[in-house]
Amino acid sequence: MNSYLSHLGTKIRKKLRLEPSISELDPYLADKELFFRAPPITPELLRAIKLISPQFHLRPTEESRRFWELNQNGLCWGEYEALQPFLSHLGSPSKVLDIGPGMGRSVVFFKNIMDWRETPFHLYESTGKTTKYTKAGPRFDDSFCGSLDLLGTVLAHNETTAFEIFDAGDLGAKLSALPGPYDFIYSFFAVGWHWSIEHFLDEILGLMTDRSIGAFTLHPRYKGSAELDRLPHRMLTFRRSWPRERWSQMVVLAKTEEALATVA
Ligand SMILES: C[S@@+](CC[C@H](N)C(=O)[O-])C[C@H]1O[C@@H](n2cnc3c(N)ncnc32)[C@H](O)[C@@H]1O
């Protein structure tokens, strides 16, 4: 049934709540080397993905597993291609922070592509029961919709080492309670996307040194902020893996121009 309908476009498929098709993925990104590997889609994992990514109507099938795997991996490649000059300039970080890792795709990807397997990664996330996404909206403490158990399962499936998960619930949803500083901090489709970045900037800056960089996906509804404008930063666009031909925006920021200086 699904392959019979695979020619349908993403908009129609979403409307009909059909299982997504691999043909909806950006072919350039779907063809890239696979670093993130998805485990079989159990009912438990399906529920967790649904909370984090309600736009996908996955099923417990091999086709859905493969779609999710290629989409997660392709998204990482799109972000990486935009960030690559900044990451080269950064060198080898002593500690990295992922804010809102979801199911951990970027942790797996960066550790592999950058050869940071032994670099400590701190993952700031919490288990939640409902999705309360806004679009570049305000900050609130019960916004988490992850699953710490399944995050651990997906990372173990990818044989990921040298990471520590911090339950934001135990930290009073305060980034400042994390044991920084970090050389590289990023938040993809979380802080900056659902919750506008200016509500978090003071805490993020408190976790950075003068050489650190931070990267944050920005929602199209983000209207800019005086707080960000005061900081050294660069706006980048990056290719999305789903739907096809979609590009999004990311900001790379630092406390000093020098941290971004060698990059045009
Ligand atoms: C759309 S998912 C993105 C997951 C992952 N970064 C990715 O790109 O695949 C948003 C994630 O942000 C997490 N989150 C919710 N509130 C947050 C907050 N205040 N700070 C950081 N992360 C948060 C959610 O629990 C969820 O895992």
# chains A, B, ... in the order shown; residues from 1 in each chain; ligands from 1

$ residues_around --residues "Asp183 in chain A" --least-positions-apart "5" --cutoff "9 Å" --atoms "only C-alpha atoms" --output "list of chain:residue names"
A:Leu90, A:Ser92, A:Pro93, A:Ser94, A:Lys95, A:Val96, A:Leu97, A:Leu207, A:Met208, A:Thr209, A:Arg211, A:Ser212, A:Ile213, A:Gly214

$ write_last_selection --atoms "N, CA and C atoms" --output "PDB file, in the first residue's frame"
ATOM      1  N   LEU A  90      37.589  25.404  15.396  1.00  0.00           N
ATOM      2  CA  LEU A  90      37.466  25.076  16.821  1.00  0.00           C
ATOM      3  C   LEU A  90      38.534  24.080  17.268  1.00  0.00           C
ATOM      4  N   SER A  92      40.001  20.539  18.544  1.00  0.00           N
ATOM      5  CA  SER A  92      39.509  19.418  19.344  1.00  0.00           C
ATOM      6  C   SER A  92      38.933  19.936  20.672  1.00  0.00           C
ATOM      7  N   PRO A  93      37.629  19.876  20.859  1.00  0.00           N
ATOM      8  CA  PRO A  93      37.039  20.454  22.085  1.00  0.00           C
ATOM      9  C   PRO A  93      37.307  19.581  23.304  1.00  0.00           C
ATOM     10  N   SER A  94      37.383  20.203  24.479  1.00  0.00           N
ATOM     11  CA  SER A  94      37.578  19.371  25.679  1.00  0.00           C
ATOM     12  C   SER A  94      36.232  18.874  26.204  1.00  0.00           C
ATOM     13  N   LYS A  95      35.143  19.570  25.901  1.00  0.00           N
ATOM     14  CA  LYS A  95      33.813  19.137  26.355  1.00  0.00           C
ATOM     15  C   LYS A  95      32.750  19.778  25.457  1.00  0.00           C
ATOM     16  N   VAL A  96      31.704  19.007  25.163  1.00  0.00           N
ATOM     17  CA  VAL A  96      30.645  19.464  24.246  1.00  0.00           C
ATOM     18  C   VAL A  96      29.300  19.334  24.950  1.00  0.00           C
ATOM     19  N   LEU A  97      28.391  20.281  24.691  1.00  0.00           N
ATOM     20  CA  LEU A  97      27.038  20.222  25.276  1.00  0.00           C
ATOM     21  C   LEU A  97      25.985  20.189  24.174  1.00  0.00           C
ATOM     22  N   LEU A 207      28.178  29.351  30.202  1.00  0.00           N
ATOM     23  CA  LEU A 207      28.792  28.020  30.030  1.00  0.00           C
ATOM     24  C   LEU A 207      29.909  28.033  28.985  1.00  0.00           C
ATOM     25  N   MET A 208      30.209  29.244  28.449  1.00  0.00           N
ATOM     26  CA  MET A 208      31.200  29.337  27.359  1.00  0.00           C
ATOM     27  C   MET A 208      32.457  30.064  27.812  1.00  0.00           C
ATOM     28  N   THR A 209      33.587  29.713  27.180  1.00  0.00           N
ATOM     29  CA  THR A 209      34.827  30.476  27.369  1.00  0.00           C
ATOM     30  C   THR A 209      34.949  31.455  26.198  1.00  0.00           C
ATOM     31  N   ARG A 211      36.841  31.167  23.819  1.00  0.00           N
ATOM     32  CA  ARG A 211      37.142  30.442  22.574  1.00  0.00           C
ATOM     33  C   ARG A 211      35.990  29.557  22.105  1.00  0.00           C
ATOM     34  N   SER A 212      34.938  29.444  22.943  1.00  0.00           N
ATOM     35  CA  SER A 212      33.832  28.535  22.615  1.00  0.00           C
ATOM     36  C   SER A 212      32.984  29.077  21.470  1.00  0.00           C
ATOM     37  N   ILE A 213      32.286  28.145  20.806  1.00  0.00           N
ATOM     38  CA  ILE A 213      31.241  28.558  19.855  1.00  0.00           C
ATOM     39  C   ILE A 213      29.939  27.831  20.191  1.00  0.00           C
ATOM     40  N   GLY A 214      28.829  28.459  19.815  1.00  0.00           N
ATOM     41  CA  GLY A 214      27.504  27.849  19.994  1.00  0.00           C
ATOM     42  C   GLY A 214      26.765  27.872  18.671  1.00  0.00           C
TER      43      GLY A 214
END

$ select_by_dssp --residues "range 176-212 of chain A" --states "alpha helix (DSSP H)" --output "JSON, numbers by chain"
{"A": [201, 202, 203, 204, 205]}

$ residues_around --residues "Ala177 in chain A" --least-positions-apart "3" --cutoff "12 Å" --atoms "only C-alpha atoms" --output "list in words"
Tyr124, Phe166, Asp167, Ala168, Gly169, Asp170, Leu171, Gly172, Ala173, Lys174, Gly180, Pro181, Glu203, Ile204, Gly206 and Leu207 of chain A

$ residues_around --residues "Arg246 in chain A" --least-positions-apart "3" --cutoff "12 Å" --atoms "only C-alpha atoms" --output "ChimeraX atom specification"
/A:10,24-26,29,75,78,220,237-243,249

$ closest_atom_pairs --of "chain A" --to "ligand 1" --cutoff "6 Å" --atoms "only C-alpha atoms and all ligand atoms" --output "tab-separated table"
residue	atom	partner	partner_atom_place_in_ligand_line	distance
A:Ile52	CA	ligand 1	2 (S)	5.0
A:Ser53	CA	ligand 1	1 (C)	5.9
A:Ile99	CA	ligand 1	21 (C)	4.9
A:Gly100	CA	ligand 1	22 (N)	3.4
A:Pro101	CA	ligand 1	6 (N)	4.0
A:Gly102	CA	ligand 1	27 (O)	3.5
A:Glu125	CA	ligand 1	22 (N)	5.7
A:Ser126	CA	ligand 1	25 (O)	5.9
A:Ser143	CA	ligand 1	16 (N)	4.1
A:Phe144	CA	ligand 1	15 (C)	3.5
A:Cys145	CA	ligand 1	25 (O)	3.8
A:Gly146	CA	ligand 1	25 (O)	4.0
A:Ser187	CA	ligand 1	6 (N)	5.9
A:Phe188	CA	ligand 1	6 (N)	4.3
A:Phe189	CA	ligand 1	3 (C)	4.7
A:Ala190	CA	ligand 1	12 (O)	4.2
A:Val191	CA	ligand 1	21 (C)	5.6

$ write_last_selection --atoms "C-alpha atoms" --output "tab-separated table (two decimals), in the first residue's frame"
chain	number	residue	atom	x	y	z
A	52	ILE	CA	9.59	14.54	19.77
A	53	SER	CA	8.64	14.63	16.07
A	99	ILE	CA	20.87	21.05	24.55
A	100	GLY	CA	17.74	18.98	23.86
A	101	PRO	CA	19.32	16.00	22.02
A	102	GLY	CA	16.01	14.16	21.51
A	125	GLU	CA	17.25	16.58	28.22
A	126	SER	CA	14.29	15.32	30.24
A	143	SER	CA	8.59	21.96	27.77
A	144	PHE	CA	10.55	18.68	27.74
A	145	CYS	CA	9.14	15.75	25.75
A	146	GLY	CA	12.15	13.42	25.48
A	187	SER	CA	20.84	22.98	20.15
A	188	PHE	CA	19.12	21.78	16.99
A	189	PHE	CA	15.36	22.27	16.62
A	190	ALA	CA	15.09	22.97	20.37
A	191	VAL	CA	16.45	26.18	21.99

$ select_by_dssp --residues "range 38-144 of chain A" --states "strand (DSSP E)" --output "NGL selection string"
:A and (96-99 or 121-125)

$ closest_residue --among "A:Ala136, A:Leu123, A:Ala38, A:Leu51" --to "Trp195 in chain A" --atoms "only C-alpha atoms"
A:Ala136

$ residues_around --residues "Lys14 in chain A" --least-positions-apart "2" --cutoff "12 Å" --atoms "only C-alpha atoms" --output "MDAnalysis selection string"
chainID A and resid 8:12 16:21 24 54:58 243

$ write_last_selection --atoms "N, CA and C atoms" --output "mmCIF file, in the first residue's frame"
data_model
loop_
_atom_site.group_PDB
_atom_site.id
_atom_site.type_symbol
_atom_site.label_atom_id
_atom_site.label_comp_id
_atom_site.auth_asym_id
_atom_site.auth_seq_id
_atom_site.Cartn_x
_atom_site.Cartn_y
_atom_site.Cartn_z
ATOM 1 N N LEU A 8 3.163 10.030 -3.988
ATOM 2 C CA LEU A 8 2.434 11.186 -3.455
ATOM 3 C C LEU A 8 3.394 12.163 -2.790
ATOM 4 N N GLY A 9 3.100 13.459 -2.887
ATOM 5 C CA GLY A 9 3.958 14.477 -2.294
ATOM 6 C C GLY A 9 3.808 14.515 -0.783
ATOM 7 N N THR A 10 4.789 15.192 -0.145
ATOM 8 C CA THR A 10 4.831 15.244 1.317
ATOM 9 C C THR A 10 3.565 15.862 1.903
ATOM 10 N N LYS A 11 3.068 16.934 1.279
ATOM 11 C CA LYS A 11 1.898 17.632 1.846
ATOM 12 C C LYS A 11 0.696 16.691 1.906
ATOM 13 N N ILE A 12 0.464 15.965 0.817
ATOM 14 C CA ILE A 12 -0.695 15.054 0.773
ATOM 15 C C ILE A 12 -0.491 13.912 1.750
ATOM 16 N N LEU A 16 -2.975 12.983 4.848
ATOM 17 C CA LEU A 16 -3.628 11.666 4.964
ATOM 18 C C LEU A 16 -3.032 10.830 6.097
ATOM 19 N N ARG A 17 -2.069 11.410 6.816
ATOM 20 C CA ARG A 17 -1.365 10.725 7.923
ATOM 21 C C ARG A 17 -0.779 9.389 7.463
ATOM 22 N N LEU A 18 -0.203 9.404 6.240
ATOM 23 C CA LEU A 18 0.403 8.177 5.702
ATOM 24 C C LEU A 18 1.809 8.002 6.253
ATOM 25 N N GLU A 19 2.248 6.771 6.284
ATOM 26 C CA GLU A 19 3.634 6.467 6.636
ATOM 27 C C GLU A 19 4.537 7.227 5.660
ATOM 28 N N PRO A 20 5.573 7.942 6.165
ATOM 29 C CA PRO A 20 6.414 8.689 5.220
ATOM 30 C C PRO A 20 7.197 7.748 4.313
ATOM 31 N N SER A 21 7.538 8.289 3.135
ATOM 32 C CA SER A 21 8.250 7.484 2.148
ATOM 33 C C SER A 21 9.668 8.034 1.958
ATOM 34 N N GLU A 24 10.481 10.995 -0.186
ATOM 35 C CA GLU A 24 10.268 12.374 0.260
ATOM 36 C C GLU A 24 11.562 13.036 0.734
ATOM 37 N N PRO A 54 6.219 15.070 16.131
ATOM 38 C CA PRO A 54 4.823 14.722 15.830
ATOM 39 C C PRO A 54 4.461 14.836 14.353
ATOM 40 N N GLN A 55 5.349 15.443 13.555
ATOM 41 C CA GLN A 55 5.068 15.600 12.122
ATOM 42 C C GLN A 55 5.176 14.285 11.360
ATOM 43 N N PHE A 56 5.808 13.258 11.957
ATOM 44 C CA PHE A 56 5.977 11.983 11.258
ATOM 45 C C PHE A 56 4.951 10.955 11.710
ATOM 46 N N HIS A 57 4.349 10.289 10.733
ATOM 47 C CA HIS A 57 3.386 9.227 11.059
ATOM 48 C C HIS A 57 4.059 7.887 10.790
ATOM 49 N N LEU A 58 5.074 7.609 11.598
ATOM 50 C CA LEU A 58 5.837 6.366 11.426
ATOM 51 C C LEU A 58 5.009 5.168 11.871
ATOM 52 N N PRO A 243 11.145 18.160 4.442
ATOM 53 C CA PRO A 243 10.855 17.653 3.107
ATOM 54 C C PRO A 243 11.936 18.099 2.126
#

$ closest_residue --among "A:His122, A:Lys129, A:His157, A:Arg117" --to "Asp142 in chain A" --atoms "only C-alpha atoms"
A:Lys129

$ atom_distance --atom1 "CA of Gly91 in chain A" --atom2 "CA of Met250 in chain A"
20.3 Å

$ residues_around --residues "Leu236 in chain A" --least-positions-apart "5" --cutoff "9 Å" --atoms "only C-alpha atoms" --output "number ranges by chain"
A: 82-83, 248-252

$ write_last_selection --atoms "N, CA and C atoms" --output "PDB file, in the first residue's frame"
ATOM      1  N   ALA A  82      27.135  23.102   6.768  1.00  0.00           N
ATOM      2  CA  ALA A  82      27.107  24.541   7.047  1.00  0.00           C
ATOM      3  C   ALA A  82      28.127  24.908   8.136  1.00  0.00           C
ATOM      4  N   LEU A  83      28.273  24.026   9.118  1.00  0.00           N
ATOM      5  CA  LEU A  83      29.102  24.330  10.294  1.00  0.00           C
ATOM      6  C   LEU A  83      30.577  24.013  10.116  1.00  0.00           C
ATOM      7  N   SER A 248      16.913  25.735   6.087  1.00  0.00           N
ATOM      8  CA  SER A 248      16.622  26.425   7.341  1.00  0.00           C
ATOM      9  C   SER A 248      17.819  27.257   7.756  1.00  0.00           C
ATOM     10  N   GLN A 249      17.607  28.015   8.848  1.00  0.00           N
ATOM     11  CA  GLN A 249      18.619  28.966   9.291  1.00  0.00           C
ATOM     12  C   GLN A 249      19.206  28.552  10.640  1.00  0.00           C
ATOM     13  N   MET A 250      20.486  28.839  10.781  1.00  0.00           N
ATOM     14  CA  MET A 250      21.170  28.528  12.032  1.00  0.00           C
ATOM     15  C   MET A 250      22.040  29.729  12.401  1.00  0.00           C
ATOM     16  N   VAL A 251      22.205  29.976  13.696  1.00  0.00           N
ATOM     17  CA  VAL A 251      23.148  31.019  14.102  1.00  0.00           C
ATOM     18  C   VAL A 251      24.335  30.357  14.792  1.00  0.00           C
ATOM     19  N   VAL A 252      25.527  30.844  14.469  1.00  0.00           N
ATOM     20  CA  VAL A 252      26.735  30.439  15.198  1.00  0.00           C
ATOM     21  C   VAL A 252      27.178  31.672  15.967  1.00  0.00           C
TER      22      VAL A 252
END

$ decode --residues "range 33-102 of chain A" --atoms "C-alpha atoms" --output "PDB file, in the first residue's frame"
ATOM      1  CA  GLU A  33      27.611   8.112   4.451  1.00  0.00           C
ATOM      2  CA  LEU A  34      25.522   6.632   7.244  1.00  0.00           C
ATOM      3  CA  PHE A  35      26.755   7.438  10.752  1.00  0.00           C
ATOM      4  CA  PHE A  36      23.466   7.374  12.697  1.00  0.00           C
ATOM      5  CA  ARG A  37      21.860   3.919  12.840  1.00  0.00           C
ATOM      6  CA  ALA A  38      18.261   3.510  13.923  1.00  0.00           C
ATOM      7  CA  PRO A  39      17.279   0.473  15.982  1.00  0.00           C
ATOM      8  CA  PRO A  40      14.072  -1.429  15.118  1.00  0.00           C
ATOM      9  CA  ILE A  41      10.992   0.737  15.699  1.00  0.00           C
ATOM     10  CA  THR A  42       9.391  -0.854  18.764  1.00  0.00           C
ATOM     11  CA  PRO A  43       6.012   0.471  19.984  1.00  0.00           C
ATOM     12  CA  GLU A  44       7.922   2.202  22.813  1.00  0.00           C
ATOM     13  CA  LEU A  45      10.356   3.940  20.420  1.00  0.00           C
ATOM     14  CA  LEU A  46       7.458   4.839  18.124  1.00  0.00           C
ATOM     15  CA  ARG A  47       5.700   6.641  21.010  1.00  0.00           C
ATOM     16  CA  ALA A  48       8.908   8.476  21.944  1.00  0.00           C
ATOM     17  CA  ILE A  49       9.572   9.616  18.353  1.00  0.00           C
ATOM     18  CA  LYS A  50       5.947  10.740  18.061  1.00  0.00           C
ATOM     19  CA  LEU A  51       6.360  13.041  21.075  1.00  0.00           C
ATOM     20  CA  ILE A  52       9.588  14.541  19.766  1.00  0.00           C
ATOM     21  CA  SER A  53       8.641  14.630  16.067  1.00  0.00           C
ATOM     22  CA  PRO A  54       4.823  14.722  15.830  1.00  0.00           C
ATOM     23  CA  GLN A  55       5.068  15.600  12.122  1.00  0.00           C
ATOM     24  CA  PHE A  56       5.977  11.983  11.258  1.00  0.00           C
ATOM     25  CA  HIS A  57       3.386   9.227  11.059  1.00  0.00           C
ATOM     26  CA  LEU A  58       5.837   6.366  11.426  1.00  0.00           C
ATOM     27  CA  ARG A  59       4.774   2.742  11.794  1.00  0.00           C
ATOM     28  CA  PRO A  60       6.598  -0.188  13.442  1.00  0.00           C
ATOM     29  CA  THR A  61       7.948  -1.293  10.044  1.00  0.00           C
ATOM     30  CA  GLU A  62      11.342  -1.590   8.376  1.00  0.00           C
ATOM     31  CA  GLU A  63      10.331   1.147   5.915  1.00  0.00           C
ATOM     32  CA  SER A  64       9.679   3.603   8.783  1.00  0.00           C
ATOM     33  CA  ARG A  65      12.910   2.606  10.530  1.00  0.00           C
ATOM     34  CA  ARG A  66      14.881   3.242   7.342  1.00  0.00           C
ATOM     35  CA  PHE A  67      13.073   6.554   6.689  1.00  0.00           C
ATOM     36  CA  TRP A  68      13.813   7.767  10.228  1.00  0.00           C
ATOM     37  CA  GLU A  69      17.444   6.636  10.025  1.00  0.00           C
ATOM     38  CA  LEU A  70      18.080   8.364   6.674  1.00  0.00           C
ATOM     39  CA  ASN A  71      16.260  11.512   7.743  1.00  0.00           C
ATOM     40  CA  GLN A  72      18.169  11.793  11.036  1.00  0.00           C
ATOM     41  CA  ASN A  73      21.491  11.089   9.317  1.00  0.00           C
ATOM     42  CA  GLY A  74      20.762  13.443   6.394  1.00  0.00           C
ATOM     43  CA  LEU A  75      19.739  16.273   8.716  1.00  0.00           C
ATOM     44  CA  CYS A  76      23.078  15.898  10.524  1.00  0.00           C
ATOM     45  CA  TRP A  77      24.917  16.135   7.201  1.00  0.00           C
ATOM     46  CA  GLY A  78      23.077  19.313   6.209  1.00  0.00           C
ATOM     47  CA  GLU A  79      23.944  20.956   9.540  1.00  0.00           C
ATOM     48  CA  TYR A  80      27.529  19.719   9.377  1.00  0.00           C
ATOM     49  CA  GLU A  81      28.153  21.074   5.868  1.00  0.00           C
ATOM     50  CA  ALA A  82      27.107  24.541   7.047  1.00  0.00           C
ATOM     51  CA  LEU A  83      29.102  24.330  10.294  1.00  0.00           C
ATOM     52  CA  GLN A  84      32.231  22.670   8.951  1.00  0.00           C
ATOM     53  CA  PRO A  85      34.452  25.822   8.702  1.00  0.00           C
ATOM     54  CA  PHE A  86      33.619  26.756  12.299  1.00  0.00           C
ATOM     55  CA  LEU A  87      34.265  23.225  13.552  1.00  0.00           C
ATOM     56  CA  SER A  88      37.654  23.113  11.776  1.00  0.00           C
ATOM     57  CA  HIS A  89      38.612  26.394  13.426  1.00  0.00           C
ATOM     58  CA  LEU A  90      37.466  25.076  16.821  1.00  0.00           C
ATOM     59  CA  GLY A  91      39.880  22.147  16.754  1.00  0.00           C
ATOM     60  CA  SER A  92      39.509  19.418  19.344  1.00  0.00           C
ATOM     61  CA  PRO A  93      37.039  20.454  22.085  1.00  0.00           C
ATOM     62  CA  SER A  94      37.578  19.371  25.679  1.00  0.00           C
ATOM     63  CA  LYS A  95      33.813  19.137  26.355  1.00  0.00           C
ATOM     64  CA  VAL A  96      30.645  19.464  24.246  1.00  0.00           C
ATOM     65  CA  LEU A  97      27.038  20.222  25.276  1.00  0.00           C
ATOM     66  CA  ASP A  98      23.933  19.119  23.337  1.00  0.00           C
ATOM     67  CA  ILE A  99      20.867  21.055  24.549  1.00  0.00           C
ATOM     68  CA  GLY A 100      17.742  18.979  23.857  1.00  0.00           C
ATOM     69  CA  PRO A 101      19.316  16.000  22.020  1.00  0.00           C
ATOM     70  CA  GLY A 102      16.008  14.164  21.514  1.00  0.00           C
TER      71      GLY A 102
END
